[in-house]
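Input: a single structure, listed below in structure tokens.
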Amino acid sequence: MEWLIALEASLSGADLFYRSSAGEILLRHQEFQPWLLAESAISIPDGVEAIPLAGHAPLNRRWEFREPECYERLLPELKKTPGVMTIRELSCQFLSISGLRLFAGMDFGDLKRMQLSVIPDAEEKSIAAIELGGTDGFSLRCDLENCTDEAGIIAAFDRAVKEYDPDVIEGFNICRIALPLLEKRAKKYQYAFSCGRNDTGFVSRKSRFSVAEKQISFNRYSLYGRHLIDLSHLLLFYDAVHRDFESFEFPYIRDYFNIAPENSAVEAIQSICSLLLPAYFYKCGTLPLSLQDAVLRGSGAALDSLFIAEYQRAGQSIPYPESSRNFTGALTRAGEPGVYHTVRHCDVRSLYPSILLWLNQNPVRDELGIFTGLLQKLRTFRLDAKDKARKAAGTEKQRFTALQNSFKILINSFYGYLGFAQGCFNDYTLAETVTATGRKLLSELADKLAELGGKIVEMDTDGIYFTMPEDPVADFDLQLASVLPAGIELEFDAEYPAMYCYKSKNYALLNPDDSISVSGAALKSRALESFQRRFIQAVLRAKLTDNPELLESCYLELKSAIENRTIALTELVKSEVLSDSPENYKRKQSSPGARRSAPYELALASGKKFRAGDKVEFYVTGTKAKLPVVGNSKLLSDADPGLRDENSAYYLAKLDELYKQFR
């Protein structure tokens with residue numbers, strides 16, 4: 001048995017790396033011509049074969065470039081030409097046409113993974129050590145004790161990668177810190193890396209990706225025949241769903257994932273990647289994407305690549321995306337603010353995908369009708385994997401759990417794709433039909449719940465938190481579920497001792513194990529300072545356990561600590577990540593109406609080299625409770641431990657405001 005573990009597509013063909021079941025790496029070369037899609041009216045350049053595509057969509061020619069230099073020469077202009085659609089990644093082009101998929105049929109545990117941690121010196125200008133780890137117990141530290149100098153550390157790292165021969169190299173912030181530092185120091189010693197699978201080194205280019213409506217700019221690195229995974233990117237996407245992180249600093253992330261203190265950095269990276277990476281690994285078995293693209297592409301773009309690939313394999317033309325428009329979304333409803341006891345939760349299992357299958361409707365421009373077919377196929381795969389996970393144990397259970405989670409993510413993306421502005425097969429009318437059907441089903445559930453004597457606490461999209469009637473009917477669950485049509489299932493998945501409803505979509509749950517789960521930016525926003533988050537945690541605990549004295553004692557404790565300046569300065573600090581470079585911010589300030597920003601002003605005034613993606617930690621100075629933060633703030637790194645100069649009045653006012661809100 002063989003698995004495709006990596007591919008490198010270039011203008012001259014594709015190198016395919018396979019791993020045999022015996023662990024041997026096999027290299028095969030396959031012919032490949034880069035291609036793009038065009039309308040029939042566009043003039044065809046020399047050196048291009050225009051293949052007609054069936055159907056009625058406007059992009060009805062696939063141009064295959066027989067002369068690589070022709071593609072390279074014309075691509076910059078063709079990208080800007082109306083009536084032409086290009087696919088940037090050559091690996092995606094190759095996978096789309098060939099039908100091959102990375103890691104298809106392979107278990108995540110069969111992937112050979114290496115973890116990397118580059119440790120800079122105290123001034124962060126040179127490399128003090130490099131630590132490496134591997135999933136089979138491999139461990140190596142390159143430092144001045146076993147290498148003659150910094151150049152020797154770099155060379156030892158290069159040799160170790162070649163000898164261990166990993167499929168994937170994982171690290172935290174490697175694209176922003178570790179690899180740029182490695183490149184810079186290697187250049188100083190005129191050292192050429194050769195740890196790619198063709199004896200070449202790292203290649204980088206400027207790139208960006210979207211997460212939670214933010215554009216993240218970064219240096220995208222590649223290494224021939226290997227996959228580079230930045231854990232910080234995985235964490236951004238994880239938090240976009242869970243909204244749990246208070247910080248993206250590595251010590252906090254270690255604590256969040258319960259990594260034991262004695263575990264090294266590479267052991268921590270390995271553990272966290274083992275949790276977060278499998279979903280993307282298994283997605284590659286379905287999508288025509290590299291592992292890095294599976295991580296960085298949004299769900300809409302990933303599905304679009306799959307649909308385009310299916311259409312190209314069928315020789316079918318591609319439509320343009322429908323112009324975006326607004327439409328009514330999901331049904332939300334909240335009860336009166338306050339504390340509720342013995343709260344149950346139910347949700348309609350995979351509501352929107354289930355509605356799509358129930359409606360049996362494809363997007364209007366999907367001439368082949370592949371949309372619902374693919375959705376049904378993935379749903380069948382997922383249910384099969386979920387069933388096998390339920391019956392399995394150990395590593396088999398982990399494998400099937402990761403597999404079903406990956407399919408779950410893909411399945412839930414189908415509805416979102418309908419409203420994806422860049423999706424060639426998007427369909428806002430069908431999306432509107434799905435949400436309207438969802439609102440109708442949830443309304444019917446709400447009416448039935450009221451008829452049965454239950455009380456809604458919170459309802460959003462596909463789930464309902466509710467309290468039971470005092471004397472429920474024996475078949476309460478069955479009667480509630482009976483309002484749903486066949487094929488759409490209601491799942492009762494949890495019961496909570498208490499729930500505090502602050503406002504719509506902002507609530508806290510007391511779990512059976514006495515822990516607290518919080519939802520909503522008003523209760524756990526990272527924009528809050530640490531002392532505010534601590535106070536809100538006390539508020540939630542006090543309300544959920546009917547212990548108002550806890551709220552009062554926390555308030556008095558924090559008030560005293562702020563007044564007497566005994567509170568740790570770090571609890572008053574605000575942390576902001578720069579989404580732009582300070583230089584760009586400075587240029588934009590010349591525009592009319594540009595607003596000044598404290599973290600950028602502090603970064604510029606510091607004389608230090610801050611970049612986009614860097615974190616700025618600062619606190620407010622002065623003596624008045626109300627004052628502009630710009631011009632009255634200071635970097636935490638510039639604080640004098642012997643001279644506390646924070647603005648106590650400002651922070652006391654913030655505490656009092658919170659106290660009034662929740663009292």
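Residue numbering restarts at 1 for every chain of the structure tokens, chains are lettered A, B, ... in their displayed order, and ligands are numbered from 1 as they appear.
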**Item:** Distance query Thr342 of chain A at most 12 Å, only C-alpha atoms, self and fewer than 3 positions along chain excluded, as a ChimeraX atom specification
**Value:** /A:339,345,454-455,457,465-470,494-500,509-512,544
Go ahead and save the residues from that selection, with C-alpha atoms, as an mmCIF file, in the first residue's frame.
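Output file result_6.cif follows:
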```cif
data_model
loop_
_atom_site.group_PDB
_atom_site.id
_atom_site.type_symbol
_atom_site.label_atom_id
_atom_site.label_comp_id
_atom_site.auth_asym_id
_atom_site.auth_seq_id
_atom_site.Cartn_x
_atom_site.Cartn_y
_atom_site.Cartn_z
ATOM 1 C CA VAL A 339 -30.405 33.046 36.637
ATOM 2 C CA HIS A 345 -30.195 21.944 25.989
ATOM 3 C CA GLY A 454 -41.282 24.437 29.057
ATOM 4 C CA LYS A 455 -39.677 27.886 29.194
ATOM 5 C CA VAL A 457 -33.972 30.709 28.216
ATOM 6 C CA TYR A 465 -31.740 26.171 26.279
ATOM 7 C CA PHE A 466 -34.926 25.681 28.285
ATOM 8 C CA THR A 467 -36.338 24.799 31.687
ATOM 9 C CA MET A 468 -38.728 21.899 32.132
ATOM 10 C CA PRO A 469 -42.333 22.294 33.344
ATOM 11 C CA GLU A 470 -43.001 21.338 36.957
ATOM 12 C CA ALA A 494 -26.884 18.262 28.091
ATOM 13 C CA GLU A 495 -28.376 19.441 31.378
ATOM 14 C CA TYR A 496 -26.924 22.211 33.554
ATOM 15 C CA PRO A 497 -27.504 22.979 37.251
ATOM 16 C CA ALA A 498 -27.730 26.712 36.452
ATOM 17 C CA MET A 499 -27.550 29.236 33.625
ATOM 18 C CA TYR A 500 -27.053 32.999 33.833
ATOM 19 C CA LEU A 509 -23.458 27.828 32.213
ATOM 20 C CA LEU A 510 -22.652 26.019 35.430
ATOM 21 C CA ASN A 511 -21.523 22.578 34.322
ATOM 22 C CA PRO A 512 -22.236 19.399 36.317
ATOM 23 C CA LEU A 544 -24.674 30.745 39.234
#
```
**Request:** Run DSSP on the backbone and give me the residues of segment 268-403 of chain A it puts in strand (DSSP E), as a list in words.
**Result:** Thr332, Arg333, Ala334, Gly338, Val339, Tyr340, His341, Thr342, Val343, Arg344, His345, Cys346, Asp347 and Val348 of chain A
Pull N, CA, C and O atoms from the residues just selected and write them as a short mmCIF file (atom, residue, chain, number, x, y, z; two decimals), in the first residue's frame.
```cif
data_model
loop_
_atom_site.label_atom_id
_atom_site.label_comp_id
_atom_site.auth_asym_id
_atom_site.auth_seq_id
_atom_site.Cartn_x
_atom_site.Cartn_y
_atom_site.Cartn_z
N THR A 332 -33.20 33.96 16.54
CA THR A 332 -32.63 34.05 17.89
C THR A 332 -33.71 34.57 18.83
O THR A 332 -34.56 35.37 18.44
N ARG A 333 -33.66 34.09 20.05
CA ARG A 333 -34.63 34.53 21.05
C ARG A 333 -34.00 34.33 22.42
O ARG A 333 -33.31 33.34 22.65
N ALA A 334 -34.21 35.26 23.31
CA ALA A 334 -33.66 35.14 24.66
C ALA A 334 -34.74 35.47 25.68
O ALA A 334 -35.59 36.35 25.46
N GLY A 338 -31.19 36.97 33.82
CA GLY A 338 -31.27 36.43 35.17
C GLY A 338 -30.73 35.02 35.24
O GLY A 338 -30.15 34.50 34.28
N VAL A 339 -30.91 34.40 36.39
CA VAL A 339 -30.41 33.05 36.64
C VAL A 339 -31.55 32.05 36.55
O VAL A 339 -32.63 32.27 37.10
N TYR A 340 -31.29 30.95 35.84
CA TYR A 340 -32.26 29.86 35.69
C TYR A 340 -31.62 28.58 36.20
O TYR A 340 -30.41 28.36 36.02
N HIS A 341 -32.42 27.74 36.82
CA HIS A 341 -31.88 26.50 37.39
C HIS A 341 -32.40 25.27 36.64
O HIS A 341 -33.50 25.27 36.10
N THR A 342 -31.57 24.24 36.63
CA THR A 342 -31.85 22.98 35.94
C THR A 342 -32.29 23.26 34.50
O THR A 342 -33.45 23.15 34.13
N VAL A 343 -31.29 23.65 33.72
CA VAL A 343 -31.52 24.04 32.33
C VAL A 343 -31.08 22.89 31.41
O VAL A 343 -29.99 22.35 31.55
N ARG A 344 -31.94 22.54 30.46
CA ARG A 344 -31.61 21.52 29.47
C ARG A 344 -31.27 22.18 28.14
O ARG A 344 -31.70 23.31 27.86
N HIS A 345 -30.52 21.45 27.33
CA HIS A 345 -30.20 21.94 25.99
C HIS A 345 -30.52 20.88 24.96
O HIS A 345 -30.25 19.69 25.15
N CYS A 346 -31.12 21.30 23.86
CA CYS A 346 -31.34 20.41 22.72
C CYS A 346 -31.00 21.19 21.46
O CYS A 346 -31.05 22.42 21.43
N ASP A 347 -30.59 20.47 20.43
CA ASP A 347 -30.38 21.14 19.16
C ASP A 347 -30.79 20.22 18.02
O ASP A 347 -30.88 19.01 18.16
N VAL A 348 -31.09 20.87 16.90
CA VAL A 348 -31.42 20.12 15.69
C VAL A 348 -30.10 19.69 15.07
O VAL A 348 -29.28 20.55 14.71
#
```
**Asked** as a VMD selection string, which residues of segment 216-309 of chain A does DSSP assign to helix (DSSP H, G or I)?
**Response** chain A and resid 231 to 242 250 to 256 265 to 276 278 to 283 291 to 296 299 to 309
**Request:** Using atom CA of Trp35 of chain A and atom CA of Ile5 of chain A as the two end points, give the distance in Å to one decimal.
**Result:**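 Distance between the two atoms: 23.5 Å.
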**Item:** Leu276 of chain A surroundings by only C-alpha atoms, 9 Å radius, close-in-sequence under 2 positions cut, as a ChimeraX atom specification
**Value:** /A:231,234-235,238,272-274,278-280
**Item:** Shell of 12 Å around Lys660 of chain A, only C-alpha atoms, local chain residues under 4 positions omitted, as a ChimeraX atom specification
**Value:** /A:536,539,551-552,555,653-656
Pick out the residues sitting within 10 Å of Phe425 of chain A, and hand them over as a short mmCIF file (atom, residue, chain, number, x, y, z; two decimals) with N, CA, C and O atoms, in the first residue's frame; count only C-alpha atoms, and ignore anything fewer than 4 positions along from it in its own chain.
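Resulting contents of out-v1.cif:
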```cif
data_model
loop_
_atom_site.label_atom_id
_atom_site.label_comp_id
_atom_site.auth_asym_id
_atom_site.auth_seq_id
_atom_site.Cartn_x
_atom_site.Cartn_y
_atom_site.Cartn_z
N LEU A 303 -14.32 24.66 -0.28
CA LEU A 303 -15.39 23.98 -1.01
C LEU A 303 -15.42 24.41 -2.48
O LEU A 303 -15.69 23.60 -3.37
N ASP A 304 -15.14 25.68 -2.73
CA ASP A 304 -15.12 26.15 -4.11
C ASP A 304 -14.08 25.39 -4.92
O ASP A 304 -14.32 25.01 -6.07
N PHE A 307 -15.56 21.98 -5.82
CA PHE A 307 -16.56 22.01 -6.88
C PHE A 307 -15.91 22.27 -8.24
O PHE A 307 -16.27 21.65 -9.25
N ILE A 308 -14.94 23.19 -8.29
CA ILE A 308 -14.24 23.46 -9.55
C ILE A 308 -13.50 22.22 -10.01
O ILE A 308 -13.51 21.88 -11.21
N ILE A 318 -17.59 26.61 -15.94
CA ILE A 318 -17.72 27.17 -14.59
C ILE A 318 -18.45 28.51 -14.64
O ILE A 318 -18.11 29.37 -15.46
N PRO A 319 -19.42 28.73 -13.75
CA PRO A 319 -20.12 30.03 -13.71
C PRO A 319 -19.35 31.05 -12.89
O PRO A 319 -18.41 30.71 -12.16
N TYR A 320 -19.79 32.30 -12.99
CA TYR A 320 -19.27 33.35 -12.11
C TYR A 320 -20.09 33.39 -10.83
O TYR A 320 -21.26 32.99 -10.82
N PRO A 321 -19.51 33.87 -9.75
CA PRO A 321 -20.28 34.01 -8.51
C PRO A 321 -21.44 34.98 -8.68
O PRO A 321 -21.36 35.95 -9.44
N GLU A 322 -22.50 34.70 -7.97
CA GLU A 322 -23.65 35.60 -7.92
C GLU A 322 -23.29 36.80 -7.05
O GLU A 322 -22.59 36.66 -6.05
N ASN A 362 -30.23 21.85 -5.36
CA ASN A 362 -28.86 22.25 -5.67
C ASN A 362 -28.82 23.74 -5.98
O ASN A 362 -29.85 24.33 -6.35
N PRO A 363 -27.67 24.38 -5.86
CA PRO A 363 -27.56 25.77 -6.29
C PRO A 363 -27.99 25.91 -7.74
O PRO A 363 -27.78 25.01 -8.56
N VAL A 364 -28.57 27.03 -8.07
CA VAL A 364 -29.22 27.21 -9.37
C VAL A 364 -28.24 27.05 -10.53
O VAL A 364 -28.63 26.63 -11.63
N ARG A 365 -26.95 27.35 -10.33
CA ARG A 365 -25.98 27.27 -11.43
C ARG A 365 -25.16 25.97 -11.39
O ARG A 365 -24.21 25.82 -12.15
N ASP A 366 -25.54 25.06 -10.52
CA ASP A 366 -24.87 23.75 -10.44
C ASP A 366 -25.51 22.82 -11.47
O ASP A 366 -26.39 22.02 -11.17
N GLU A 367 -25.07 22.91 -12.73
CA GLU A 367 -25.69 22.16 -13.82
C GLU A 367 -25.52 20.65 -13.67
O GLU A 367 -26.36 19.88 -14.14
N PHE A 371 -23.87 19.26 -5.84
CA PHE A 371 -23.87 19.84 -4.50
C PHE A 371 -24.47 18.88 -3.46
O PHE A 371 -23.80 18.49 -2.50
N TYR A 417 -21.33 28.12 2.21
CA TYR A 417 -20.86 28.31 0.84
C TYR A 417 -21.91 29.01 -0.03
O TYR A 417 -21.58 29.80 -0.91
N LEU A 418 -23.18 28.73 0.23
CA LEU A 418 -24.24 29.34 -0.57
C LEU A 418 -24.20 30.87 -0.49
O LEU A 418 -24.57 31.56 -1.44
N GLY A 419 -23.74 31.40 0.65
CA GLY A 419 -23.64 32.84 0.82
C GLY A 419 -22.21 33.35 0.74
O GLY A 419 -21.92 34.46 1.19
N PHE A 420 -21.30 32.53 0.17
CA PHE A 420 -19.89 32.90 0.04
C PHE A 420 -19.73 33.76 -1.22
O PHE A 420 -19.97 33.30 -2.34
N ALA A 421 -19.35 35.02 -1.03
CA ALA A 421 -19.35 35.99 -2.13
C ALA A 421 -18.46 35.57 -3.30
O ALA A 421 -18.75 35.89 -4.45
#
```
**Request:** Rank nothing, just name the residue among A:Glu451, A:Ile44, A:Glu31, A:Phe281 nearest to Phe407 of chain A, using only C-alpha atoms.
**Result:**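 Selected residue with least distance to Phe407 of chain A: A:Phe281.
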**Item:** Pairwise distance for atom CA of Ile488 of chain A and atom CA of Leu287 of chain A, rounded to one decimal in Å
**Value:**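 That distance, rounded to one decimal, is 27.0 Å.
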**Request:** In Å, rounded to a single decimal, give me how far atom CA of Val518 of chain A is from atom CA of Tyr619 of chain A.
**Result:**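 These atoms are spaced 26.3 Å apart.
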**Asked** Which residues come within 8 Å of segment 67-75 of chain A, counting only C-alpha atoms, excluding same-chain residues fewer than 3 positions away, as JSON, numbers by chain?
**Response** {"A": [11, 12, 33, 34, 47, 48, 78, 79]}
**Item:** Contact residues around Gln292 of chain A with only C-alpha atoms at 12 Å, ignoring same-chain residues under 6 positions, as a VMD selection string
**Value:** chain A and resid 6 89 91 to 92 102 168 to 170 209 220 to 223 226 to 231 233 to 234 277 280 to 281 283 to 284 298 302
Could those residues be written to a file, using N, CA and C atoms, as a tab-separated table (two decimals), in the first residue's frame?
```tsv
chain	number	residue	atom	x	y	z
A	6	ALA	N	3.12	14.04	-0.15
A	6	ALA	CA	3.51	15.40	-0.53
A	6	ALA	C	3.55	15.48	-2.05
A	89	GLU	N	-2.28	28.45	-6.82
A	89	GLU	CA	-1.45	27.35	-6.37
A	89	GLU	C	-1.40	26.25	-7.43
A	91	SER	N	-0.19	23.35	-7.07
A	91	SER	CA	-0.55	22.07	-6.45
A	91	SER	C	-2.05	21.85	-6.53
A	92	CYS	N	-2.83	22.91	-6.34
A	92	CYS	CA	-4.29	22.82	-6.44
A	92	CYS	C	-4.71	22.53	-7.88
A	102	LEU	N	-3.97	14.27	-1.39
A	102	LEU	CA	-2.97	14.02	-0.35
A	102	LEU	C	-3.56	13.20	0.79
A	168	VAL	N	6.11	16.54	7.91
A	168	VAL	CA	5.60	17.81	8.42
A	168	VAL	C	6.56	18.36	9.46
A	169	ILE	N	6.80	19.67	9.40
A	169	ILE	CA	7.54	20.37	10.46
A	169	ILE	C	6.57	21.34	11.11
A	170	GLU	N	6.42	21.24	12.44
A	170	GLU	CA	5.46	22.04	13.19
A	170	GLU	C	6.21	22.95	14.17
A	209	PHE	N	-4.19	35.57	4.94
A	209	PHE	CA	-5.37	34.73	5.01
A	209	PHE	C	-6.40	35.41	5.91
A	220	ARG	N	4.78	33.41	4.07
A	220	ARG	CA	4.42	32.01	3.82
A	220	ARG	C	5.68	31.26	3.41
A	221	TYR	N	6.06	30.26	4.21
A	221	TYR	CA	7.26	29.47	3.95
A	221	TYR	C	6.90	28.12	3.35
A	222	SER	N	7.78	27.61	2.51
A	222	SER	CA	7.64	26.26	1.99
A	222	SER	C	9.01	25.58	1.98
A	223	LEU	N	8.99	24.26	2.01
A	223	LEU	CA	10.20	23.45	1.99
A	223	LEU	C	9.90	22.24	1.12
A	226	ARG	N	7.97	18.79	1.84
A	226	ARG	CA	7.54	18.75	3.24
A	226	ARG	C	6.44	19.79	3.47
A	227	HIS	N	5.71	19.63	4.55
A	227	HIS	CA	4.66	20.58	4.92
A	227	HIS	C	5.11	21.36	6.15
A	228	LEU	N	4.94	22.67	6.12
A	228	LEU	CA	5.29	23.52	7.26
A	228	LEU	C	3.99	24.02	7.90
A	229	ILE	N	3.84	23.74	9.18
A	229	ILE	CA	2.61	24.10	9.89
A	229	ILE	C	2.95	25.02	11.06
A	230	ASP	N	2.37	26.21	11.04
A	230	ASP	CA	2.56	27.16	12.13
A	230	ASP	C	1.40	26.98	13.11
A	231	LEU	N	1.72	26.53	14.33
A	231	LEU	CA	0.70	26.30	15.34
A	231	LEU	C	-0.11	27.56	15.63
A	233	HIS	N	-1.27	29.64	13.59
A	233	HIS	CA	-2.37	29.70	12.63
A	233	HIS	C	-3.50	28.76	13.04
A	234	LEU	N	-3.13	27.55	13.47
A	234	LEU	CA	-4.15	26.60	13.94
A	234	LEU	C	-4.92	27.19	15.12
A	277	LEU	N	-4.46	19.47	14.36
A	277	LEU	CA	-4.10	19.24	12.96
A	277	LEU	C	-4.88	18.12	12.26
A	280	TYR	N	-7.60	18.97	9.59
A	280	TYR	CA	-7.11	19.48	8.32
A	280	TYR	C	-6.46	18.36	7.50
A	281	PHE	N	-5.76	17.48	8.18
A	281	PHE	CA	-5.13	16.33	7.52
A	281	PHE	C	-6.18	15.51	6.77
A	283	LYS	N	-9.17	16.47	5.85
A	283	LYS	CA	-9.80	17.26	4.80
A	283	LYS	C	-9.05	17.12	3.48
A	284	CYS	N	-7.72	16.98	3.56
A	284	CYS	CA	-6.91	16.85	2.34
A	284	CYS	C	-7.28	15.61	1.54
A	298	GLY	N	-10.29	29.48	3.93
A	298	GLY	CA	-11.58	29.43	4.61
A	298	GLY	C	-12.43	28.32	4.04
A	302	ALA	N	-12.33	26.60	0.27
A	302	ALA	CA	-11.98	25.18	0.19
A	302	ALA	C	-13.04	24.41	-0.59
```
**Asked** Looking at A:Phe245, A:Tyr600, A:Tyr282, A:Phe476, which one is nearest to Lys524 of chain A, with distances taken over only C-alpha atoms?
**Response**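 Closest to Lys524 of chain A of all the choices is A:Phe245.
Residue nearest Lys397 of chain A, chosen from A:Gly487, A:Leu452, A:Lys574, A:Asp107 and counting only C-alpha atoms: A:Asp107.
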**Message:** Considering only C-alpha atoms, can you say which of A:Glu444, A:Asp244, A:Asp255, A:Asp384 comes closest to Leu480 of chain A?
**Reply:** A:Glu444
